[in-house]
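Q: Here you go, protein-v1.cif (mmCIF, C-alpha atoms):
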```
data_start
#
loop_
_atom_site.group_PDB
_atom_site.id
_atom_site.type_symbol
_atom_site.label_atom_id
_atom_site.label_comp_id
_atom_site.auth_asym_id
_atom_site.auth_seq_id
_atom_site.Cartn_x
_atom_site.Cartn_y
_atom_site.Cartn_z
ATOM 1 C CA MET A 1 27.614 -30.534 3.092
ATOM 2 C CA LYS A 2 25.358 -31.732 0.288
ATOM 3 C CA ASP A 3 24.417 -29.592 -2.686
ATOM 4 C CA GLY A 4 20.612 -29.248 -2.747
ATOM 5 C CA ALA A 5 20.238 -29.543 -6.515
ATOM 6 C CA THR A 6 22.602 -32.433 -7.195
ATOM 7 C CA GLY A 7 22.892 -34.310 -3.932
ATOM 8 C CA LEU A 8 26.691 -34.178 -4.281
ATOM 9 C CA ASP A 9 29.213 -32.804 -1.797
ATOM 10 C CA ASP A 10 29.475 -29.006 -2.182
ATOM 11 C CA ASP A 11 33.182 -29.118 -3.042
ATOM 12 C CA PHE A 12 32.680 -31.859 -5.601
ATOM 13 C CA ALA A 13 29.647 -30.150 -7.129
ATOM 14 C CA ALA A 14 31.619 -26.891 -7.363
ATOM 15 C CA LEU A 15 34.432 -28.737 -9.113
ATOM 16 C CA LEU A 16 32.017 -30.120 -11.672
ATOM 17 C CA ARG A 17 30.591 -26.657 -12.363
ATOM 18 C CA ILE A 18 33.946 -25.244 -13.515
ATOM 19 C CA PRO A 19 33.390 -24.364 -17.167
ATOM 20 C CA PHE A 20 35.662 -25.427 -20.006
ATOM 21 C CA ASP A 21 37.209 -22.580 -21.922
ATOM 22 C CA PRO A 22 36.053 -22.779 -25.559
ATOM 23 C CA THR A 23 39.333 -21.343 -26.861
ATOM 24 C CA LEU A 24 41.480 -23.804 -24.904
ATOM 25 C CA THR A 25 39.356 -26.815 -25.787
ATOM 26 C CA ASP A 26 41.556 -27.106 -28.854
ATOM 27 C CA PRO A 27 44.544 -29.275 -27.768
ATOM 28 C CA ALA A 28 47.066 -27.238 -29.789
ATOM 29 C CA ARG A 29 45.977 -23.975 -28.175
ATOM 30 C CA LEU A 30 46.018 -25.632 -24.744
ATOM 31 C CA ARG A 31 49.633 -26.732 -25.344
ATOM 32 C CA ILE A 32 50.650 -23.240 -26.480
ATOM 33 C CA GLN A 33 49.032 -21.670 -23.423
ATOM 34 C CA ALA A 34 50.700 -24.300 -21.166
ATOM 35 C CA ALA A 35 54.109 -23.391 -22.586
ATOM 36 C CA LEU A 36 53.526 -19.667 -22.045
ATOM 37 C CA VAL A 37 52.138 -20.138 -18.532
ATOM 38 C CA ALA A 38 55.225 -22.226 -17.635
ATOM 39 C CA LEU A 39 57.379 -19.119 -18.129
ATOM 40 C CA PRO A 40 57.803 -16.559 -15.325
ATOM 41 C CA ARG A 41 55.022 -13.921 -15.267
ATOM 42 C CA SER A 42 57.396 -11.349 -16.713
ATOM 43 C CA GLY A 43 58.846 -13.871 -19.178
ATOM 44 C CA SER A 44 58.283 -14.193 -22.897
ATOM 45 C CA ILE A 45 59.344 -16.483 -25.725
ATOM 46 C CA GLY A 46 60.199 -15.953 -29.365
ATOM 47 C CA PHE A 47 58.249 -17.601 -32.177
ATOM 48 C CA THR A 48 61.043 -19.976 -33.240
ATOM 49 C CA ALA A 49 61.782 -21.111 -29.684
ATOM 50 C CA LEU A 50 58.070 -21.704 -29.070
ATOM 51 C CA ALA A 51 57.682 -23.697 -32.294
ATOM 52 C CA SER A 52 60.718 -25.772 -31.337
ATOM 53 C CA ALA A 53 59.527 -26.386 -27.764
ATOM 54 C CA LEU A 54 56.074 -27.461 -28.952
ATOM 55 C CA GLN A 55 57.314 -29.230 -32.074
ATOM 56 C CA MET A 56 54.689 -27.440 -34.156
ATOM 57 C CA THR A 57 55.012 -26.160 -37.687
ATOM 58 C CA ASP A 58 55.264 -22.394 -38.155
ATOM 59 C CA GLY A 59 51.934 -22.218 -39.982
ATOM 60 C CA ASN A 60 50.047 -24.208 -37.373
ATOM 61 C CA LEU A 61 51.600 -22.285 -34.489
ATOM 62 C CA GLY A 62 50.982 -18.916 -36.146
ATOM 63 C CA ARG A 63 47.316 -19.726 -36.782
ATOM 64 C CA HIS A 64 46.628 -20.779 -33.178
ATOM 65 C CA LEU A 65 48.685 -17.941 -31.720
ATOM 66 C CA SER A 66 46.644 -15.366 -33.602
ATOM 67 C CA VAL A 67 43.457 -16.834 -32.071
ATOM 68 C CA LEU A 68 44.973 -16.631 -28.580
ATOM 69 C CA VAL A 69 46.112 -13.055 -29.198
ATOM 70 C CA GLU A 70 42.667 -12.138 -30.503
ATOM 71 C CA VAL A 71 40.869 -13.367 -27.359
ATOM 72 C CA GLY A 72 43.447 -11.603 -25.161
ATOM 73 C CA TYR A 73 45.123 -14.700 -23.680
ATOM 74 C CA VAL A 74 48.481 -13.907 -25.264
ATOM 75 C CA GLU A 75 50.277 -10.564 -25.494
ATOM 76 C CA THR A 76 52.964 -9.732 -28.011
ATOM 77 C CA SER A 77 55.881 -7.346 -28.047
ATOM 78 C CA VAL A 78 58.405 -6.556 -30.735
ATOM 79 C CA THR A 79 62.112 -5.871 -30.301
ATOM 80 C CA PHE A 80 64.827 -4.957 -32.758
ATOM 81 C CA ARG A 81 68.466 -5.973 -32.601
ATOM 82 C CA GLY A 82 69.983 -4.022 -35.432
ATOM 83 C CA ARG A 83 67.648 -4.681 -38.343
ATOM 84 C CA ARG A 84 66.507 -8.020 -36.987
ATOM 85 C CA LYS A 85 62.944 -7.924 -35.752
ATOM 86 C CA SER A 86 61.818 -10.367 -33.050
ATOM 87 C CA THR A 87 58.265 -10.920 -31.845
ATOM 88 C CA TRP A 88 57.873 -12.129 -28.260
ATOM 89 C CA TYR A 89 54.846 -13.919 -26.845
ATOM 90 C CA GLN A 90 53.693 -13.807 -23.240
ATOM 91 C CA ALA A 91 50.645 -15.173 -21.380
ATOM 92 C CA SER A 92 48.381 -12.333 -20.218
ATOM 93 C CA SER A 93 46.734 -12.323 -16.774
ATOM 94 C CA ASP A 94 43.442 -13.312 -18.419
ATOM 95 C CA GLY A 95 45.255 -16.081 -20.293
ATOM 96 C CA ARG A 96 46.810 -17.444 -17.106
ATOM 97 C CA HIS A 97 43.453 -17.389 -15.339
ATOM 98 C CA ALA A 98 41.657 -19.060 -18.258
ATOM 99 C CA PHE A 99 44.349 -21.751 -18.415
ATOM 100 C CA GLU A 100 44.181 -22.494 -14.676
ATOM 101 C CA THR A 101 40.380 -22.678 -14.844
ATOM 102 C CA HIS A 102 40.438 -24.970 -17.865
ATOM 103 C CA VAL A 103 42.998 -27.293 -16.264
ATOM 104 C CA ALA A 104 40.901 -27.356 -13.077
ATOM 105 C CA ALA A 105 37.888 -28.359 -15.203
ATOM 106 C CA LEU A 106 39.923 -31.184 -16.768
ATOM 107 C CA ARG A 107 40.938 -32.363 -13.289
ATOM 108 C CA GLY A 108 37.269 -32.220 -12.355
ATOM 109 C CA VAL A 109 36.482 -34.716 -15.124
ATOM 110 C CA LEU A 110 39.125 -37.075 -13.767
ATOM 111 C CA ASP A 111 37.933 -36.643 -10.183
ATOM 112 C CA ALA A 112 34.336 -37.240 -11.273
ATOM 113 C CA ALA A 113 35.420 -40.471 -12.949
ATOM 114 C CA SER A 114 37.184 -41.662 -9.791
ATOM 115 C CA PRO A 115 35.645 -39.713 -6.865
ATOM 116 C CA ASP A 116 37.415 -41.938 -4.302
ATOM 117 C CA MET B 1 21.235 -37.766 -9.574
ATOM 118 C CA SER B 2 23.494 -37.565 -12.542
ATOM 119 C CA VAL B 3 25.284 -34.361 -13.487
ATOM 120 C CA SER B 4 25.683 -33.760 -17.178
ATOM 121 C CA ARG B 5 28.264 -31.429 -18.616
ATOM 122 C CA GLU B 6 29.968 -30.883 -21.913
ATOM 123 C CA GLY B 7 33.593 -31.842 -22.005
ATOM 124 C CA PRO B 8 36.116 -34.540 -22.759
ATOM 125 C CA THR B 9 35.944 -38.108 -21.568
ATOM 126 C CA PRO B 10 38.076 -38.957 -18.506
ATOM 127 C CA GLU B 11 40.595 -40.688 -20.786
ATOM 128 C CA ALA B 12 40.860 -37.627 -23.018
ATOM 129 C CA ALA B 13 41.127 -35.334 -19.974
ATOM 130 C CA ALA B 14 43.934 -37.514 -18.577
ATOM 131 C CA ARG B 15 45.762 -37.358 -21.908
ATOM 132 C CA MET B 16 45.408 -33.571 -22.085
ATOM 133 C CA LEU B 17 46.631 -33.096 -18.514
ATOM 134 C CA ALA B 18 49.616 -35.373 -19.143
ATOM 135 C CA ASP B 19 50.395 -33.388 -22.298
ATOM 136 C CA VAL B 20 50.117 -30.106 -20.387
ATOM 137 C CA ARG B 21 52.581 -31.393 -17.761
ATOM 138 C CA ARG B 22 55.000 -32.535 -20.493
ATOM 139 C CA VAL B 23 54.832 -29.145 -22.229
ATOM 140 C CA GLU B 24 55.317 -27.262 -18.936
ATOM 141 C CA HIS B 25 58.301 -29.458 -18.053
ATOM 142 C CA ARG B 26 59.865 -29.083 -21.509
ATOM 143 C CA THR B 27 59.328 -25.304 -21.567
ATOM 144 C CA ASP B 28 60.876 -24.973 -18.122
ATOM 145 C CA GLY B 29 63.887 -26.986 -19.311
ATOM 146 C CA ARG B 30 64.211 -24.802 -22.412
ATOM 147 C CA ARG B 31 63.923 -21.675 -20.281
ATOM 148 C CA ARG B 32 66.723 -22.884 -18.003
ATOM 149 C CA SER B 33 68.863 -23.812 -20.974
ATOM 150 C CA ALA B 34 68.220 -20.530 -22.811
ATOM 151 C CA THR B 35 68.837 -18.299 -19.811
ATOM 152 C CA THR B 36 71.676 -20.110 -18.033
ATOM 153 C CA ALA B 37 73.670 -22.202 -20.553
ATOM 154 C CA SER B 38 75.511 -19.274 -22.198
ATOM 155 C CA PRO B 39 76.389 -17.526 -18.915
ATOM 156 C CA MET B 40 77.609 -20.831 -17.449
ATOM 157 C CA ILE B 41 79.804 -21.611 -20.438
ATOM 158 C CA ALA B 42 81.187 -18.046 -20.487
ATOM 159 C CA TRP B 43 81.752 -17.973 -16.741
ATOM 160 C CA GLY B 44 83.137 -21.529 -16.645
ATOM 161 C CA LEU B 45 85.686 -20.773 -19.344
ATOM 162 C CA GLY B 46 86.405 -17.367 -17.828
ATOM 163 C CA TRP B 47 86.939 -18.915 -14.401
ATOM 164 C CA LEU B 48 89.238 -21.640 -15.714
ATOM 165 C CA LEU B 49 91.324 -19.249 -17.818
ATOM 166 C CA ALA B 50 91.397 -16.236 -15.481
ATOM 167 C CA TYR B 51 92.205 -18.094 -12.263
ATOM 168 C CA GLY B 52 94.488 -20.459 -14.167
ATOM 169 C CA CYS B 53 96.322 -17.431 -15.537
ATOM 170 C CA LEU B 54 96.530 -15.861 -12.079
ATOM 171 C CA ALA B 55 98.053 -19.098 -10.774
ATOM 172 C CA LEU B 56 100.608 -19.460 -13.551
ATOM 173 C CA VAL B 57 101.466 -15.849 -14.492
ATOM 174 C CA ARG B 58 102.372 -13.953 -11.353
ATOM 175 C CA GLY B 59 102.277 -10.208 -10.810
ATOM 176 C CA GLY B 60 100.672 -7.376 -12.742
ATOM 177 C CA VAL B 61 100.783 -9.169 -16.111
ATOM 178 C CA GLY B 62 98.745 -12.080 -14.788
ATOM 179 C CA LEU B 63 96.271 -9.693 -13.183
ATOM 180 C CA ALA B 64 95.917 -7.701 -16.428
ATOM 181 C CA ILE B 65 95.314 -10.817 -18.551
ATOM 182 C CA ALA B 66 92.837 -12.195 -16.006
ATOM 183 C CA SER B 67 90.965 -8.856 -15.987
ATOM 184 C CA VAL B 68 90.623 -8.948 -19.779
ATOM 185 C CA ILE B 69 89.370 -12.556 -19.621
ATOM 186 C CA PHE B 70 86.908 -11.530 -16.911
ATOM 187 C CA VAL B 71 85.499 -8.650 -18.997
ATOM 188 C CA VAL B 72 85.193 -10.885 -22.080
ATOM 189 C CA ALA B 73 83.373 -13.527 -19.995
ATOM 190 C CA VAL B 74 80.922 -10.946 -18.637
ATOM 191 C CA VAL B 75 80.145 -9.581 -22.117
ATOM 192 C CA ALA B 76 79.854 -13.099 -23.593
ATOM 193 C CA SER B 77 77.477 -14.173 -20.828
ATOM 194 C CA TRP B 78 75.082 -11.369 -21.820
ATOM 195 C CA LEU B 79 75.129 -11.954 -25.568
ATOM 196 C CA GLY B 80 72.579 -14.643 -26.379
ATOM 197 C CA ASP B 81 68.907 -14.669 -25.347
ATOM 198 C CA GLY B 82 68.162 -18.166 -26.701
ATOM 199 C CA GLY B 83 64.665 -17.110 -27.747
ATOM 200 C CA ILE B 84 63.366 -17.002 -24.166
ATOM 201 C CA ARG B 85 63.388 -14.046 -21.770
ATOM 202 C CA THR B 86 62.607 -14.073 -18.061
ATOM 203 C CA GLY B 87 62.014 -10.330 -17.806
ATOM 204 C CA TRP B 88 64.611 -10.156 -15.008
ATOM 205 C CA GLU B 89 67.603 -9.645 -17.323
ATOM 206 C CA ARG B 90 68.118 -5.965 -16.508
ATOM 207 C CA LYS B 91 67.814 -6.541 -12.762
ATOM 208 C CA ILE B 92 70.303 -9.420 -12.913
ATOM 209 C CA LYS B 93 72.806 -7.261 -14.802
ATOM 210 C CA LEU B 94 72.404 -4.480 -12.218
ATOM 211 C CA ALA B 95 72.812 -6.998 -9.387
ATOM 212 C CA TRP B 96 76.046 -8.316 -10.916
ATOM 213 C CA LEU B 97 77.297 -4.783 -11.409
ATOM 214 C CA GLY B 98 76.578 -4.162 -7.736
ATOM 215 C CA ILE B 99 78.455 -7.314 -6.735
ATOM 216 C CA VAL B 100 81.487 -6.505 -8.880
ATOM 217 C CA ILE B 101 81.690 -2.922 -7.569
ATOM 218 C CA SER B 102 81.103 -4.122 -3.996
ATOM 219 C CA SER B 103 83.932 -6.631 -4.412
ATOM 220 C CA VAL B 104 86.439 -3.788 -4.670
ATOM 221 C CA PHE B 105 85.311 -2.312 -1.359
ATOM 222 C CA LEU B 106 84.967 -5.686 0.367
ATOM 223 C CA VAL B 107 88.534 -6.539 -0.635
ATOM 224 C CA SER B 108 89.755 -3.338 0.976
ATOM 225 C CA THR B 109 88.065 -4.297 4.259
ATOM 226 C CA VAL B 110 90.186 -7.451 4.580
ATOM 227 C CA ALA B 111 93.415 -6.021 3.102
ATOM 228 C CA PRO B 112 96.300 -6.378 3.562
ATOM 229 C CA VAL B 113 96.369 -10.113 2.945
ATOM 230 C CA PRO B 114 98.312 -12.154 0.384
ATOM 231 C CA MET B 115 97.080 -11.665 -3.199
ATOM 232 C CA ASP B 116 96.082 -15.332 -3.528
ATOM 233 C CA ARG B 117 93.749 -15.000 -0.548
ATOM 234 C CA LEU B 118 92.235 -11.777 -1.892
ATOM 235 C CA LEU B 119 91.482 -13.404 -5.250
ATOM 236 C CA LEU B 120 90.047 -16.423 -3.486
ATOM 237 C CA PHE B 121 87.886 -14.154 -1.332
ATOM 238 C CA VAL B 122 86.475 -12.362 -4.385
ATOM 239 C CA GLY B 123 85.838 -15.661 -6.171
ATOM 240 C CA ALA B 124 84.043 -17.078 -3.141
ATOM 241 C CA LEU B 125 81.894 -13.927 -2.998
ATOM 242 C CA TRP B 126 80.862 -14.417 -6.631
ATOM 243 C CA CYS B 127 80.115 -18.090 -5.990
ATOM 244 C CA LEU B 128 77.909 -16.985 -3.095
ATOM 245 C CA ALA B 129 76.090 -14.546 -5.415
ATOM 246 C CA MET B 130 75.504 -17.393 -7.902
ATOM 247 C CA LEU B 131 74.270 -19.607 -5.062
ATOM 248 C CA LEU B 132 71.689 -17.016 -3.971
ATOM 249 C CA TYR B 133 70.493 -16.592 -7.564
ATOM 250 C CA ALA B 134 70.260 -20.364 -7.998
ATOM 251 C CA ILE B 135 68.236 -20.731 -4.796
ATOM 252 C CA ALA B 136 65.929 -17.846 -5.788
ATOM 253 C CA THR B 137 65.252 -19.458 -9.166
ATOM 254 C CA ASP B 138 64.991 -23.001 -7.775
ATOM 255 C CA ASP B 139 67.963 -24.137 -9.871
ATOM 256 C CA ARG B 140 69.343 -27.045 -7.848
ATOM 257 C CA ALA B 141 72.203 -28.046 -10.146
ATOM 258 C CA TRP B 142 73.546 -24.499 -10.264
ATOM 259 C CA ALA B 143 73.090 -24.187 -6.493
ATOM 260 C CA VAL B 144 75.210 -27.309 -5.959
ATOM 261 C CA VAL B 145 77.954 -26.058 -8.313
ATOM 262 C CA SER B 146 77.946 -22.616 -6.659
ATOM 263 C CA ALA B 147 78.002 -24.028 -3.119
ATOM 264 C CA THR B 148 80.854 -26.301 -4.169
ATOM 265 C CA GLY B 149 82.735 -23.183 -5.298
ATOM 266 C CA VAL B 150 82.369 -21.597 -1.864
ATOM 267 C CA VAL B 151 83.556 -24.821 -0.206
ATOM 268 C CA VAL B 152 86.502 -25.155 -2.614
ATOM 269 C CA ALA B 153 87.491 -21.562 -1.812
ATOM 270 C CA GLY B 154 87.435 -22.378 1.885
ATOM 271 C CA VAL B 155 89.281 -25.680 1.607
ATOM 272 C CA SER B 156 91.883 -24.950 -1.077
ATOM 273 C CA PRO B 157 94.266 -22.974 1.210
ATOM 274 C CA MET B 158 94.657 -26.156 3.280
ATOM 275 C CA LEU B 159 95.733 -28.214 0.279
ATOM 276 C CA PRO B 160 99.430 -28.666 -0.583
ATOM 277 C CA TRP B 161 99.125 -27.554 -4.227
ATOM 278 C CA SER B 162 98.279 -24.238 -5.940
ATOM 279 C CA VAL B 163 95.336 -22.509 -4.294
ATOM 280 C CA LEU B 164 94.269 -20.582 -7.398
ATOM 281 C CA LEU B 165 94.660 -23.514 -9.762
ATOM 282 C CA THR B 166 92.516 -25.631 -7.441
ATOM 283 C CA PHE B 167 89.899 -22.877 -7.417
ATOM 284 C CA ALA B 168 90.076 -22.469 -11.211
ATOM 285 C CA ILE B 169 89.435 -26.160 -11.817
ATOM 286 C CA GLY B 170 87.073 -26.686 -8.879
ATOM 287 C CA VAL B 171 84.685 -23.911 -9.955
ATOM 288 C CA GLY B 172 85.310 -23.349 -13.670
ATOM 289 C CA GLY B 173 85.190 -27.055 -14.555
ATOM 290 C CA PRO B 174 81.758 -27.867 -13.072
ATOM 291 C CA LEU B 175 80.290 -24.582 -14.362
ATOM 292 C CA LEU B 176 81.506 -25.312 -17.865
ATOM 293 C CA VAL B 177 80.267 -28.915 -17.781
ATOM 294 C CA LEU B 178 76.821 -27.833 -16.526
ATOM 295 C CA GLY B 179 76.581 -25.100 -19.154
ATOM 296 C CA VAL B 180 77.537 -27.448 -22.001
ATOM 297 C CA ALA B 181 75.092 -30.086 -20.724
ATOM 298 C CA ARG B 182 72.286 -27.514 -20.666
ATOM 299 C CA ARG B 183 73.160 -26.239 -24.105
ATOM 300 C CA ALA B 184 73.068 -29.817 -25.427
ATOM 301 C CA GLY B 185 69.805 -30.544 -23.578
ATOM 302 C CA GLY B 186 68.160 -27.340 -24.817
ATOM 303 C CA ALA B 187 69.090 -28.122 -28.397
ATOM 304 C CA ARG B 188 67.218 -31.412 -28.303
#
```
Would you write out, as structure tokens, the structure that this file holds?
A:
Amino acid sequence: MKDGATGLDDDFAALLRIPFDPTLTDPARLRIQAALVALPRSGSIGFTALASALQMTDGNLGRHLSVLVEVGYVETSVTFRGRRKSTWYQASSDGRHAFETHVAALRGVLDAASPD
Amino acid sequence: MSVSREGPTPEAAARMLADVRRVEHRTDGRRRSATTASPMIAWGLGWLLAYGCLALVRGGVGLAIASVIFVVAVVASWLGDGGIRTGWERKIKLAWLGIVISSVFLVSTVAPVPMDRLLLFVGALWCLAMLLYAIATDDRAWAVVSATGVVVAGVSPMLPWSVLLTFAIGVGGPLLVLGVARRAGGAR
């Protein structure tokens, strides 16, 4: 079926309407969210392991993580082993949904460029 | 009619998607390494030493040493978290506890049989437990190693040399190699 306003196929028009997430438009934050979404839903990762996996500096990672935590895309928890404190990061349900939507929007750009 | 929207160019979108896939792949590899490398190394060494000991030191002494090695391997396999948690750790520990306790009762259902066969039976049961875990977590390499363990347990009584030594090398060796490979891969 054709979309009345655009003259495009409904499915294709719907794909093009998927909005980009302003928080994940930043490539560094998109990479962080991708790493967290790649873990199991109940999974989490420590700061050092995340920095190592993404090859980001501590300062850069910390700055972007605090933005993601602030918008509710990333949840944190703290554990203690003896006196050693560890902070764990996990993608929230909202964060997973926002990531999937943003990636779908990126795919939409590619599909729009080569609709065949 | 053209449709305008804010967003990256197709080239930039392709780059971002490729980067996302790379990050997902790398994180998944790190997760596998962090959650399975230590248990594999501990279990591989434990398997080699405990079954090797059972093959070479007969009687109660061999059984006592192997039991100590087994306990050390279990504790060592739970030590490191590698900076990544799956959230299933407690359930996995409970499942293993269930398997170990069940082993005692399962052994009594097939007794009396020669000690070598009992030990082989228990080992095959643990390989089967690893196989089910590997299938559930889509871990093909571990599934292959675990399935090989079950096959080795079934085939080794037909071989002319030591059943337990064959089982020690046939299961412990591949587990250890896979664990070391994952540890090395995760460190990169």
Q: Using all atoms listed in the file, select each residue of chain A with any atom at most 7 Å away from an atom of chain B, and give the selection as an MDAnalysis selection string.
A: chainID A and resid 6:7 31 34:35 38:40 42:46 49 53 106 109:110 113
Q: Can you list what the PyMOL selection byres ((chain B and resi 65) around 12) grabs from this structure, as a PyMOL selection string?
A: chain B and resi 46+49-64+66-72
Q: Name every residue that the PyMOL selection byres ((chain B and resi 143-160) around 7) selects in this structure, writing the answer as an NGL selection string with chains first and numbers rising.
A: :B and (120 or 124 or 127-128 or 130-131 or 134-135 or 139-142 or 161 or 163 or 166-167 or 170-171 or 174-175)
Q: For Glu75 in chain A, list every protein, DNA or RNA residue within 6 Å, evaluated using all atoms listed in the file, and leave out those in the same chain fewer than 6 positions away; present the list as a PyMOL selection string.
A: chain A and resi 89-90+92
Q: Between A:Thr25, A:Leu54, A:Leu36, A:Tyr73, which residue has the minimum interatomic distance to His97 in chain A, considering all atoms listed in the file?
A: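 Closest to His97 in chain A, using all atoms listed in the file: A:Tyr73.
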Q: If you measure from CA of Ser33 in chain B to CA of Val100 in chain B, what distance in Å do you get, rounded to one decimal?
A: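 Computing the Euclidean distance for CA of Ser33 in chain B and CA of Val100 in chain B yields 24.6 Å.
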Q: With only C-alpha atoms as the atoms that count, which of A:Ser93, A:Ser86, A:Thr57, A:Thr101 lies nearest to Asp21 in chain A?
A: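 Using only C-alpha atoms, the shortest distance to Asp21 in chain A belongs to A:Thr101.
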Q: Rounded to one decimal place, report the CA of Pro39 in chain B-CA of Trp78 in chain B distance in Å.
A: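 CA of Trp78 in chain B lies 6.9 Å from CA of Pro39 in chain B.
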Q: What is the distance between CA of Arg182 in chain B and CA of Ala91 in chain A, in Å to one decimal?
A: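 Interatomic distance, CA of Arg182 in chain B to CA of Ala91 in chain A: 24.9 Å.
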Q: Kindly list the centre and edge lengths in Å, rounded to one decimal, for the axis-aligned box that covers all listed atoms of range 72-79 of chain B plus 6 Å on each of its six sides, as JSON.
A:
```
{"center_x": 80.1, "center_y": -11.9, "center_z": -22.1, "size_x": 22.1, "size_y": 16.6, "size_z": 18.9}
```
